[in-house]
$ cat structure.cif   # mmCIF, C-alpha atoms
data_entry
loop_
_atom_site.label_atom_id
_atom_site.label_comp_id
_atom_site.auth_asym_id
_atom_site.auth_seq_id
_atom_site.Cartn_x
_atom_site.Cartn_y
_atom_site.Cartn_z
CA MET A 1 21.95 64.22 28.53
CA GLN A 2 20.91 60.60 28.13
CA GLU A 3 17.24 59.81 27.93
CA LEU A 4 15.24 57.80 30.40
CA ASP A 5 14.51 55.13 27.85
CA TYR A 6 11.69 53.37 29.60
CA LEU A 7 8.85 52.11 27.48
CA LYS A 8 5.30 53.27 28.09
CA GLU A 9 2.65 50.79 29.20
CA SER A 10 0.33 49.85 26.34
CA PRO A 11 -2.71 52.11 26.68
CA SER A 12 -5.83 50.29 27.76
CA GLN A 13 -8.99 49.98 25.66
CA THR A 14 -12.41 48.80 26.74
CA ALA A 15 -13.03 45.06 26.81
CA GLY A 16 -16.04 45.93 24.66
CA PRO A 17 -19.40 44.21 24.48
CA TYR A 18 -18.03 40.86 23.34
CA VAL A 19 -15.39 40.12 25.99
CA HIS A 20 -17.03 36.73 26.58
CA ILE A 21 -16.10 35.59 23.06
CA GLY A 22 -12.49 35.86 24.03
CA LEU A 23 -12.35 34.97 27.70
CA THR A 24 -15.31 32.69 28.43
CA PRO A 25 -16.32 31.28 25.02
CA ASN A 26 -17.86 28.11 26.46
CA LYS A 27 -20.18 30.11 28.71
CA LEU A 28 -21.34 31.98 25.64
CA GLY A 29 -22.11 28.72 23.85
CA ILE A 30 -19.03 28.80 21.64
CA GLY A 31 -17.83 25.26 22.24
CA GLY A 32 -15.14 23.26 20.53
CA ILE A 33 -12.24 25.68 20.85
CA TYR A 34 -11.17 25.19 24.47
CA PRO A 35 -12.17 22.19 26.59
CA VAL A 36 -13.06 24.49 29.51
CA ASP A 37 -12.98 28.22 30.23
CA LEU A 38 -10.10 29.39 32.39
CA GLY A 39 -10.51 30.48 36.00
CA GLU A 40 -13.50 28.29 36.86
CA SER A 41 -12.53 28.31 40.54
CA PRO A 42 -9.81 29.83 42.73
CA VAL A 43 -9.73 26.70 44.90
CA LEU A 44 -9.49 22.96 44.37
CA PRO A 45 -11.13 20.35 46.58
CA GLY A 46 -9.26 20.10 49.85
CA ALA A 47 -8.31 23.78 50.09
CA LYS A 48 -7.74 24.69 53.73
CA GLY A 49 -9.78 27.41 55.34
CA GLU A 50 -13.33 28.66 55.76
CA GLU A 51 -15.44 27.95 52.68
CA ILE A 52 -17.32 31.04 51.62
CA THR A 53 -19.67 32.16 48.86
CA ILE A 54 -19.85 35.76 47.70
CA ILE A 55 -22.77 36.89 45.58
CA GLY A 56 -23.02 40.29 43.95
CA THR A 57 -23.71 42.49 40.98
CA VAL A 58 -22.07 45.35 39.13
CA GLN A 59 -24.30 48.45 38.81
CA ASP A 60 -23.91 51.56 36.69
CA GLY A 61 -24.63 55.19 37.54
CA ALA A 62 -28.26 54.84 36.51
CA GLY A 63 -28.80 51.92 38.87
CA MET A 64 -28.84 49.39 36.04
CA ILE A 65 -27.27 46.02 36.71
CA LEU A 66 -24.62 45.13 34.15
CA ARG A 67 -25.17 41.84 32.38
CA ASP A 68 -21.92 42.05 30.45
CA ALA A 69 -19.46 42.51 33.32
CA LEU A 70 -16.47 40.23 33.66
CA ILE A 71 -14.66 40.07 36.97
CA GLU A 72 -11.38 38.50 37.88
CA THR A 73 -10.39 37.81 41.47
CA TRP A 74 -7.01 37.18 43.05
CA GLN A 75 -6.49 36.13 46.63
CA ALA A 76 -4.12 34.53 49.10
CA ASP A 77 -4.74 31.12 50.67
CA GLY A 78 -6.23 30.61 54.12
CA GLN A 79 -2.86 31.40 55.70
CA GLY A 80 -2.32 34.61 53.74
CA ILE A 81 0.23 33.25 51.23
CA TYR A 82 -0.22 33.97 47.51
CA PRO A 83 0.19 31.09 45.06
CA GLY A 84 3.00 31.33 42.52
CA ASN A 85 5.48 34.08 43.15
CA ASP A 86 5.00 35.01 46.81
CA PRO A 87 8.51 35.63 48.22
CA ARG A 88 7.45 34.23 51.61
CA GLY A 89 6.99 30.66 50.45
CA ALA A 90 4.63 28.13 48.95
CA ALA A 91 0.89 28.47 49.23
CA ASP A 92 -1.70 25.77 49.85
CA PRO A 93 -1.39 23.59 46.71
CA ASN A 94 -5.20 23.48 46.49
CA VAL A 95 -5.50 27.24 46.17
CA THR A 96 -4.83 28.70 42.71
CA GLY A 97 -5.97 32.12 43.91
CA TRP A 98 -7.41 33.26 40.61
CA ALA A 99 -10.95 33.18 39.25
CA ARG A 100 -12.67 34.62 36.23
CA ILE A 101 -16.36 35.10 36.85
CA ILE A 102 -19.12 36.60 34.75
CA ALA A 103 -22.45 38.15 35.51
CA ASP A 104 -25.44 35.95 34.73
CA PHE A 105 -26.73 36.96 31.30
CA GLU A 106 -30.31 37.30 32.65
CA THR A 107 -29.98 38.54 36.24
CA GLY A 108 -26.55 40.15 36.20
CA GLU A 109 -25.67 38.34 39.42
CA TRP A 110 -22.25 36.76 39.89
CA THR A 111 -21.13 34.16 42.41
CA LEU A 112 -17.68 33.40 43.76
CA LYS A 113 -17.11 30.23 45.76
CA THR A 114 -13.76 30.17 47.53
CA VAL A 115 -12.04 30.01 50.91
CA LYS A 116 -11.58 33.12 53.00
CA PRO A 117 -8.03 34.43 52.53
CA GLY A 118 -5.69 35.06 55.45
CA ARG A 119 -3.99 38.34 56.30
CA VAL A 120 -1.25 39.51 53.95
CA PRO A 121 1.44 42.01 54.99
CA PHE A 122 1.49 45.56 53.66
CA PRO A 123 4.97 46.66 52.46
CA ASP A 124 5.81 48.07 55.91
CA GLY A 125 4.99 44.79 57.62
CA ARG A 126 1.61 45.68 59.10
CA ALA A 127 -1.12 43.17 58.27
CA MET A 128 -3.78 44.02 55.73
CA ALA A 129 -7.24 42.73 56.68
CA PRO A 130 -8.34 39.65 54.75
CA HIS A 131 -9.37 40.69 51.25
CA ILE A 132 -9.85 39.52 47.70
CA ALA A 133 -8.49 41.72 44.90
CA LEU A 134 -11.03 42.42 42.16
CA TRP A 135 -10.55 43.58 38.58
CA VAL A 136 -13.70 44.63 36.73
CA VAL A 137 -14.06 45.09 32.98
CA ALA A 138 -17.04 45.63 30.70
CA ARG A 139 -18.19 47.66 27.74
CA GLY A 140 -17.85 51.33 28.67
CA ILE A 141 -15.01 50.77 31.16
CA ASN A 142 -11.94 52.21 29.46
CA LEU A 143 -9.38 50.88 31.93
CA GLY A 144 -10.07 47.84 34.10
CA LEU A 145 -11.08 48.89 37.62
CA GLN A 146 -9.16 47.61 40.64
CA THR A 147 -10.99 47.19 43.90
CA ARG A 148 -11.13 44.81 46.89
CA ILE A 149 -13.63 42.73 48.82
CA TYR A 150 -13.24 42.88 52.60
CA PHE A 151 -15.44 41.01 55.08
CA GLU A 152 -17.91 42.40 57.61
CA ASP A 153 -16.95 39.84 60.27
CA GLU A 154 -13.21 40.62 60.22
CA GLU A 155 -11.23 43.32 62.00
CA ASN A 156 -10.86 45.89 59.23
CA GLU A 157 -10.04 49.04 61.22
CA SER A 158 -6.30 48.43 61.32
CA CYS A 159 -5.91 47.64 57.61
CA PRO A 160 -3.37 50.14 56.22
CA VAL A 161 -5.13 50.16 52.84
CA LEU A 162 -8.55 50.91 54.29
CA GLN A 163 -6.99 53.54 56.57
CA ARG A 164 -5.87 55.36 53.44
CA ILE A 165 -9.47 56.10 52.50
CA GLU A 166 -10.06 59.66 53.56
CA HIS A 167 -13.84 59.59 53.43
CA ARG A 168 -14.46 56.98 56.12
CA GLU A 169 -18.06 56.59 55.03
CA ARG A 170 -16.82 55.08 51.76
CA VAL A 171 -14.96 52.22 53.46
CA LYS A 172 -18.23 50.32 53.69
CA THR A 173 -18.35 50.07 49.89
CA LEU A 174 -15.46 47.60 50.16
CA VAL A 175 -16.95 45.44 52.90
CA ALA A 176 -19.01 42.39 51.98
CA LYS A 177 -22.12 41.97 54.13
CA LYS A 178 -22.71 38.63 55.79
CA THR A 179 -26.09 37.25 54.73
CA ALA A 180 -25.79 33.79 56.28
CA ASP A 181 -23.06 31.54 57.62
CA GLY A 182 -20.31 31.53 55.02
CA THR A 183 -22.32 33.68 52.61
CA TYR A 184 -21.65 37.31 51.74
CA ARG A 185 -23.12 40.01 49.52
CA PHE A 186 -20.90 42.43 47.60
CA ASP A 187 -22.24 44.83 44.97
CA VAL A 188 -19.90 46.95 42.88
CA ILE A 189 -21.32 50.41 42.18
CA LEU A 190 -19.51 52.03 39.27
CA GLN A 191 -20.84 55.55 39.71
CA GLY A 192 -22.99 57.67 41.97
CA GLU A 193 -23.80 58.14 45.62
CA ASN A 194 -22.56 54.81 46.91
CA GLU A 195 -19.79 54.47 44.38
CA THR A 196 -17.34 51.70 45.22
CA VAL A 197 -13.82 52.75 46.11
CA PHE A 198 -11.47 51.97 43.24
CA PHE A 199 -7.71 51.98 43.62
CA ASP A 200 -4.70 53.24 41.75
CA MET A 201 -2.07 50.84 43.05
CA MET B 202 0.96 25.96 37.25
CA THR B 203 4.54 27.09 36.87
CA LEU B 204 6.51 29.53 38.93
CA SER B 205 6.98 32.15 36.26
CA ASN B 206 9.13 35.23 36.69
CA GLN B 207 10.35 34.35 40.13
CA PHE B 208 12.70 37.32 39.96
CA ASP B 209 9.81 39.68 39.31
CA ARG B 210 8.78 40.53 42.82
CA GLY B 211 9.33 44.24 43.22
CA PRO B 212 6.70 46.95 43.55
CA LEU B 213 5.04 48.00 40.32
CA PHE B 214 5.86 51.17 38.44
CA PHE B 215 3.20 53.80 39.00
CA ARG B 216 0.63 53.94 36.26
CA ASP B 217 0.63 57.02 34.01
CA ARG B 218 -3.10 57.72 34.10
CA ASP B 219 -2.79 60.54 31.53
CA TRP B 220 -1.45 58.03 29.02
CA HIS B 221 -4.41 55.69 29.48
CA PRO B 222 -7.93 56.69 28.49
CA ALA B 223 -9.88 58.64 31.08
CA ALA B 224 -12.83 56.77 32.58
CA TYR B 225 -15.42 59.38 31.56
CA THR B 226 -15.27 59.93 27.79
CA PRO B 227 -18.59 61.27 26.42
CA GLY B 228 -17.62 60.52 22.80
CA TYR B 229 -17.92 56.88 23.79
CA LYS B 230 -21.41 57.06 25.26
CA THR B 231 -21.44 53.88 27.33
CA SER B 232 -18.61 55.24 29.47
CA MET B 233 -20.87 58.03 30.74
CA THR B 234 -22.79 55.82 33.18
CA ARG B 235 -20.00 53.33 33.81
CA ALA B 236 -17.18 55.72 34.72
CA PRO B 237 -16.41 56.24 38.42
CA PHE B 238 -16.71 59.93 39.31
CA ARG B 239 -14.77 59.82 42.58
CA PRO B 240 -10.99 59.98 42.56
CA LEU B 241 -9.17 56.67 42.74
CA VAL B 242 -7.54 55.91 46.08
CA ALA B 243 -3.83 55.93 45.33
CA MET B 244 -0.96 54.10 47.00
CA GLY B 245 1.98 51.94 46.08
CA SER B 246 1.38 48.34 45.12
CA THR B 247 1.19 45.63 47.78
CA LEU B 248 1.72 41.87 47.57
CA SER B 249 -1.86 41.62 46.32
CA GLU B 250 -0.86 43.46 43.13
CA GLU B 251 2.74 42.26 42.91
CA THR B 252 1.84 38.57 42.88
CA GLY B 253 -0.36 37.09 40.22
CA PRO B 254 -1.68 33.89 38.69
CA ALA B 255 0.72 31.67 36.74
CA PHE B 256 -0.24 29.63 33.69
CA GLY B 257 1.46 26.51 32.39
CA HIS B 258 2.27 25.73 28.78
CA SER B 259 0.52 22.40 29.37
CA MET B 260 -2.89 24.09 29.39
CA ILE B 261 -2.49 25.34 25.82
CA GLY B 262 -3.80 23.14 23.01
CA GLU B 263 -1.93 22.77 19.74
CA LEU B 264 -4.33 24.95 17.73
CA ASP B 265 -5.19 27.45 20.47
CA ASN B 266 -3.20 30.24 18.76
CA ASN B 267 -4.46 29.35 15.28
CA LEU B 268 -7.81 31.10 14.82
CA ILE B 269 -7.97 30.00 11.20
CA MET B 270 -8.24 26.35 12.20
CA ASN B 271 -9.17 26.15 15.88
CA PHE B 272 -12.95 26.21 15.56
CA THR B 273 -13.92 23.40 13.18
CA GLY B 274 -10.60 22.28 11.74
CA GLU B 275 -11.66 23.71 8.36
CA PRO B 276 -10.02 27.00 7.36
CA ALA B 277 -11.72 30.33 8.06
CA ILE B 278 -12.25 32.76 5.20
CA GLY B 279 -10.30 36.01 4.96
CA GLU B 280 -6.94 37.67 4.57
CA ARG B 281 -4.54 35.35 6.39
CA ILE B 282 -2.24 37.13 8.83
CA ILE B 283 0.35 36.39 11.46
CA MET B 284 0.00 38.64 14.50
CA HIS B 285 3.22 38.52 16.45
CA GLY B 286 5.35 40.50 18.86
CA ARG B 287 6.67 40.46 22.38
CA VAL B 288 5.25 41.07 25.81
CA LEU B 289 7.66 43.54 27.42
CA ASP B 290 7.76 45.45 30.65
CA GLU B 291 8.45 49.18 30.84
CA SER B 292 12.15 48.45 31.37
CA GLY B 293 12.16 46.72 27.97
CA ARG B 294 12.58 43.22 29.34
CA GLY B 295 10.65 40.35 27.76
CA VAL B 296 7.98 38.96 30.06
CA PRO B 297 8.01 35.15 29.71
CA ASN B 298 5.31 32.59 30.52
CA VAL B 299 2.34 34.93 30.56
CA LEU B 300 -1.07 34.22 29.10
CA VAL B 301 -2.06 36.22 26.02
CA GLU B 302 -5.66 35.91 24.83
CA ILE B 303 -7.25 37.52 21.76
CA TRP B 304 -10.73 37.80 20.28
CA GLN B 305 -12.09 39.43 17.16
CA ALA B 306 -14.74 39.72 14.48
CA ASN B 307 -14.45 37.62 11.32
CA ALA B 308 -13.20 38.91 7.97
CA GLY B 309 -16.61 40.45 7.28
CA GLY B 310 -16.70 42.34 10.58
CA ARG B 311 -19.21 40.06 12.35
CA TYR B 312 -18.76 38.57 15.82
CA ARG B 313 -19.94 35.12 16.77
CA HIS B 314 -22.33 36.56 19.34
CA LYS B 315 -26.11 36.42 19.46
CA LYS B 316 -26.28 40.17 20.04
CA ASP B 317 -24.27 40.97 16.90
CA ASN B 318 -26.81 41.35 14.11
CA TYR B 319 -24.64 43.16 11.57
CA ALA B 320 -25.53 42.23 7.98
CA ALA B 321 -22.17 40.59 7.26
CA PRO B 322 -22.40 36.79 7.39
CA LEU B 323 -20.98 34.52 10.06
CA ASP B 324 -18.14 32.34 8.86
CA PRO B 325 -19.02 28.79 9.92
CA ASN B 326 -15.34 28.00 10.37
CA PHE B 327 -14.37 31.01 12.46
CA GLY B 328 -14.85 30.96 16.24
CA GLY B 329 -13.12 34.23 17.03
CA CYS B 330 -10.75 33.59 19.92
CA GLY B 331 -7.27 32.29 20.57
CA ARG B 332 -4.68 32.12 23.33
CA THR B 333 -1.02 31.40 23.86
CA ILE B 334 1.75 31.67 26.46
CA SER B 335 4.68 34.00 25.86
CA GLY B 336 8.07 32.40 25.21
CA PRO B 337 11.30 32.83 27.21
CA ASP B 338 11.93 36.23 25.54
CA GLY B 339 8.30 37.34 25.85
CA SER B 340 7.48 36.52 22.23
CA TYR B 341 4.06 35.38 21.08
CA GLU B 342 2.28 34.75 17.80
CA PHE B 343 -1.16 34.03 16.41
CA LEU B 344 -2.34 32.92 12.99
CA THR B 345 -5.67 34.50 12.15
CA VAL B 346 -7.62 36.44 9.54
CA ARG B 347 -7.70 40.19 9.42
CA PRO B 348 -11.01 41.25 11.00
CA GLY B 349 -13.38 43.49 9.07
CA ALA B 350 -14.49 46.95 10.15
CA TYR B 351 -18.10 47.19 11.35
CA PRO B 352 -20.72 49.74 12.38
CA TRP B 353 -21.76 50.11 16.01
CA PRO B 354 -24.50 51.99 17.83
CA ASN B 355 -22.94 55.09 19.37
CA ARG B 356 -23.41 58.17 17.24
CA VAL B 357 -25.47 57.57 14.08
CA ASN B 358 -22.63 56.53 11.80
CA ASP B 359 -19.77 55.22 13.92
CA TRP B 360 -17.61 52.38 12.65
CA ARG B 361 -14.97 50.44 14.49
CA PRO B 362 -11.67 50.23 12.65
CA MET B 363 -10.32 46.75 12.07
CA HIS B 364 -9.09 45.55 15.45
CA ILE B 365 -8.15 42.56 17.55
CA HIS B 366 -8.93 42.58 21.28
CA ILE B 367 -6.04 41.49 23.44
CA SER B 368 -5.94 40.46 27.09
CA VAL B 369 -2.61 40.02 28.88
CA PHE B 370 -1.44 38.90 32.29
CA GLY B 371 1.91 39.88 33.74
CA SER B 372 3.60 38.28 36.70
CA GLY B 373 1.54 40.51 39.02
CA PHE B 374 -2.22 41.01 39.17
CA GLY B 375 -1.68 44.78 39.07
CA GLN B 376 -0.25 44.43 35.55
CA ARG B 377 -3.48 42.98 34.20
CA LEU B 378 -4.37 44.71 30.94
CA ILE B 379 -6.95 44.61 28.15
CA SER B 380 -6.38 46.59 24.99
CA GLN B 381 -6.90 46.45 21.23
CA MET B 382 -4.56 46.18 18.27
CA TYR B 383 -5.28 48.33 15.22
CA PHE B 384 -3.85 47.99 11.71
CA GLU B 385 -1.48 50.37 9.97
CA GLY B 386 -3.18 52.56 7.40
CA ASP B 387 -6.79 52.07 8.48
CA PRO B 388 -8.60 55.41 7.88
CA LEU B 389 -11.22 54.57 10.50
CA ILE B 390 -8.73 54.69 13.40
CA LYS B 391 -8.81 58.45 13.75
CA ARG B 392 -12.62 58.57 13.53
CA CYS B 393 -13.26 55.94 16.19
CA PRO B 394 -14.68 57.21 19.52
CA ILE B 395 -13.20 54.23 21.38
CA VAL B 396 -9.73 54.88 19.96
CA ASN B 397 -10.21 58.53 20.83
CA THR B 398 -10.83 57.79 24.50
CA ILE B 399 -7.02 57.87 24.46
CA GLY B 400 -5.99 61.50 24.67
CA GLN B 401 -2.53 61.49 23.15
CA ASP B 402 -1.71 60.60 19.57
CA ARG B 403 1.57 59.01 20.64
CA ALA B 404 -0.36 56.66 22.87
CA ILE B 405 -2.79 55.80 20.06
CA GLN B 406 0.14 55.03 17.77
CA ALA B 407 1.36 52.50 20.35
CA LEU B 408 -1.72 50.42 19.50
CA VAL B 409 -1.27 50.49 15.72
CA ALA B 410 0.55 47.46 14.34
CA PRO B 411 2.76 47.96 11.28
CA LEU B 412 2.74 45.58 8.34
CA ASP B 413 5.78 43.31 8.74
CA MET B 414 6.88 41.92 5.38
CA ASN B 415 9.89 40.20 6.96
CA ARG B 416 7.57 37.95 8.88
CA ALA B 417 5.03 37.48 6.03
CA ILE B 418 5.11 34.08 4.36
CA PRO B 419 5.19 34.24 0.54
CA MET B 420 2.04 32.88 -1.11
CA ASP B 421 0.53 32.27 2.33
CA CYS B 422 0.01 35.17 4.75
CA LEU B 423 0.88 38.75 5.66
CA ALA B 424 2.18 39.68 9.10
CA TYR B 425 1.64 42.49 11.61
CA LYS B 426 3.97 43.14 14.51
CA PHE B 427 2.49 44.20 17.83
CA ASP B 428 4.49 44.57 21.04
CA ILE B 429 2.55 44.76 24.30
CA VAL B 430 4.07 46.69 27.18
CA LEU B 431 3.10 45.93 30.79
CA ARG B 432 3.89 47.89 33.94
CA GLY B 433 7.48 47.64 35.10
CA ARG B 434 8.91 46.71 38.48
CA ARG B 435 10.83 48.94 40.85
CA GLN B 436 13.80 47.89 42.96
CA SER B 437 12.15 46.17 45.82
CA PHE B 438 14.36 46.61 48.84
CA PHE B 439 16.60 49.24 50.36
CA GLU B 440 18.19 48.35 53.65
CA ASN B 441 17.73 51.86 54.99
CA ARG B 442 14.05 51.98 54.07
CA LYS B 443 12.56 48.65 54.94
CA GLU B 444 9.05 49.97 54.64
CA GLY B 445 9.58 50.09 50.87
CA LEU B 446 7.40 53.11 50.31
#

$ encode --input "structure.cif" --output "structure tokens"
Amino acid sequence: MQELDYLKESPSQTAGPYVHIGLTPNKLGIGGIYPVDLGESPVLPGAKGEEITIIGTVQDGAGMILRDALIETWQADGQGIYPGNDPRGAADPNVTGWARIIADFETGEWTLKTVKPGRVPFPDGRAMAPHIALWVVARGINLGLQTRIYFEDEENESCPVLQRIEHRERVKTLVAKKTADGTYRFDVILQGENETVFFDM
Amino acid sequence: MTLSNQFDRGPLFFRDRDWHPAAYTPGYKTSMTRAPFRPLVAMGSTLSEETGPAFGHSMIGELDNNLIMNFTGEPAIGERIIMHGRVLDESGRGVPNVLVEIWQANAGGRYRHKKDNYAAPLDPNFGGCGRTISGPDGSYEFLTVRPGAYPWPNRVNDWRPMHIHISVFGSGFGQRLISQMYFEGDPLIKRCPIVNTIGQDRAIQALVAPLDMNRAIPMDCLAYKFDIVLRGRRQSFFENRKEGL
């Protein structure tokens, strides 16, 4: 019999304590290598849609706020089209969709300024509620964690991804709370009672 | 921005979670409070994971993949090496136009980081990071120095083997991966609690780069070959199953 000769994905390793050296050297004070760090903003001036700011933290199982977390975000434009390789067409040219954000070295708080994404179809054609995909790495995280930010003031009940969550009480861990007009709060809890839902997708 | 991998639009291969390290690995103490305890919510990928950011060659500076020279323009100290290989998917296809970033300690095993107070000296000419974009066949290369091993606070006498951190994008955000490259023959590999978060020896071996004398440059530098494999793509569309799941 022939073999299924697929390769295996390279096994993950932790980003370690010094991920900022590699991915945000300027923010660490290592200047002179790159003019700017990548992923400064997922939107350019003129991006269409509702401007929003999301503020949050990443907390461990002991309730400590991580100061070494690095988060990347990926989102569709205001109409729900992804930049780059979306088969449905071209996105808003002022939306790059991707951001690389770090926790503040003192407070552990991170801030994402963007536009609210539109609805994107699930593979069966139903609409997913507006969301931003999140990828979280830090020392002690062996494989980057995938999660999502949803929004309190959107209709989330019909989202086929959220419907998949068996423990309905946990859905709220994916929903950003509105704190003011255009401002949301979203804390990632790595472990414990209010642990954020993480996905295997 | 370029439209890379326009053909790569299908759903992602499912991840083999037994091949990757578990989240909770007590030998690596920091994982104990940072590992989720609840099961992951599983489903097939959606457009949110199948699309991903694209990076243009225009954003890469001439010395960005040369860690020996990219910090001050004066050469860093250490054993000069070429790190090279290909970014592949699980079907064995080269993945072109994707961003590959690396970071590492200097030849003495010291990071340029205020929290690293290991006794080895900082090299004034070594910054510690580099980046490049994979070529049409998925190939990439860096010129750097071989990083030193160093001690770290975990158990009382744990040392990291020589390693280079590597961060890779695919054409979909669900392929995003961070890993580490180790060096053939390093006796510290099998003692390292971070290496040993990976359960299978075959998987560990996939992160160990062999010495590549064919790529070494006489009287200049040695070479290590390191292929990086990202998640593959499934056939995206069957007419009789439009839901795709």

$ residues_near_point --input "structure.cif" --point "(-5.5, 25.5, 21.2)" --cutoff "12 Å" --atoms "all atoms listed in the file" --output "PyMOL selection string"
(chain A and resi 32-36) or (chain B and resi 258-274+302+328+330-334+343-344)

$ residues_around --input "structure.cif" --residues "B:Trp353" --least-positions-apart "2" --cutoff "12 Å" --atoms "all atoms listed in the file" --output "PyMOL selection string"
(chain A and resi 16-17) or (chain B and resi 229-231+310-312+316-320+350-351+355-362+393-395)

$ closest_residue --input "structure.cif" --among "B:Asn415, B:Asn307, B:Thr398, B:Ser335" --to "chain A" --atoms "only C-alpha atoms"
B:Thr398

$ resolve_selection --input "structure.cif" --expression "the PyMOL selection byres ((chain B) within 7 of (chain A))" --output "PyMOL selection string"
chain B and resi 204+207+220-224+231-232+234-238+241-247+249+252+254-255+271-272+291-293+302-304+329-330+378-381+404+407+429-432+443-445

$ atom_distance --input "structure.cif" --atom1 "atom CA of A:Asp92" --atom2 "atom CA of B:Asn298"
21.7 Å

$ resolve_selection --input "structure.cif" --expression "the PyMOL selection byres ((chain B and resi 386) around 12)" --output "VMD selection string"
chain B and resid 362 to 363 383 to 385 387 to 391 406 409 to 412 425

$ atom_distance --input "structure.cif" --atom1 "atom CA of A:Arg185" --atom2 "atom CA of B:Phe370"
27.7 Å

$ residues_around --input "structure.cif" --residues "B:Lys426" --least-positions-apart "4" --cutoff "9 Å" --atoms "all atoms listed in the file" --output "count of residues only"
10

$ atom_distance --input "structure.cif" --atom1 "atom CA of A:Asn194" --atom2 "atom CA of A:Thr57"
13.7 Å

$ closest_residue --input "structure.cif" --among "B:Ile282, B:Met382, B:Ala306, B:Met233" --to "B:Asp421" --atoms "all atoms listed in the file"
B:Ile282

$ resolve_selection --input "structure.cif" --expression "the PyMOL selection byres ((chain A and resi 153-157) around 10)" --output "number ranges by chain"
A: 128-131, 150-152, 158-163, 171, 175-178

$ residues_around --input "structure.cif" --residues "B:Gly295" --least-positions-apart "4" --cutoff "8 Å" --atoms "only C-alpha atoms" --output "PyMOL selection string"
chain B and resi 287-290+337-340

$ closest_residue --input "structure.cif" --among "A:Val136, A:Ala90, A:Ile149, A:Met1" --to "A:Ile55" --atoms "all atoms listed in the file"
A:Ile149

$ closest_residue --input "structure.cif" --among "B:Glu250, B:Pro352, B:Gln401, B:Val346" --to "B:Gly211" --atoms "all atoms listed in the file"
B:Glu250

$ decode --input "structure.cif" --residues "stretch 187-197 of chain A" --atoms "N, CA, C and O atoms" --output "compact mmCIF listing (two decimals), in the first residue's frame"
# COMPACT_ATOMS: atom_id res chain seq x y z
N ASP A 187 -11.32 41.35 28.20
CA ASP A 187 -10.21 40.72 28.91
C ASP A 187 -10.13 39.24 28.55
O ASP A 187 -11.13 38.54 28.55
N VAL A 188 -8.94 38.80 28.25
CA VAL A 188 -8.71 37.38 27.97
C VAL A 188 -8.30 36.71 29.27
O VAL A 188 -7.34 37.15 29.93
N ILE A 189 -9.03 35.67 29.67
CA ILE A 189 -8.70 34.93 30.88
C ILE A 189 -8.16 33.56 30.44
O ILE A 189 -8.89 32.77 29.84
N LEU A 190 -6.91 33.31 30.74
CA LEU A 190 -6.27 32.09 30.22
C LEU A 190 -6.75 30.83 30.94
O LEU A 190 -6.74 29.74 30.36
N GLN A 191 -7.13 30.98 32.19
CA GLN A 191 -7.39 29.78 33.00
C GLN A 191 -8.29 30.13 34.17
O GLN A 191 -8.18 31.22 34.71
N GLY A 192 -9.16 29.21 34.54
CA GLY A 192 -9.96 29.43 35.75
C GLY A 192 -11.44 29.59 35.46
O GLY A 192 -11.92 29.24 34.40
N GLU A 193 -12.12 30.13 36.44
CA GLU A 193 -13.58 30.15 36.45
C GLU A 193 -14.17 30.81 35.20
O GLU A 193 -15.09 30.30 34.59
N ASN A 194 -13.66 31.97 34.86
CA ASN A 194 -14.19 32.70 33.72
C ASN A 194 -13.30 32.57 32.49
O ASN A 194 -13.17 33.51 31.70
N GLU A 195 -12.69 31.41 32.37
CA GLU A 195 -11.76 31.16 31.28
C GLU A 195 -12.39 31.49 29.92
O GLU A 195 -13.51 31.06 29.62
N THR A 196 -11.66 32.23 29.11
CA THR A 196 -12.10 32.57 27.77
C THR A 196 -12.25 31.30 26.93
O THR A 196 -11.49 30.35 27.10
N VAL A 197 -13.21 31.32 26.04
CA VAL A 197 -13.33 30.21 25.09
C VAL A 197 -12.21 30.33 24.06
O VAL A 197 -12.03 31.38 23.46
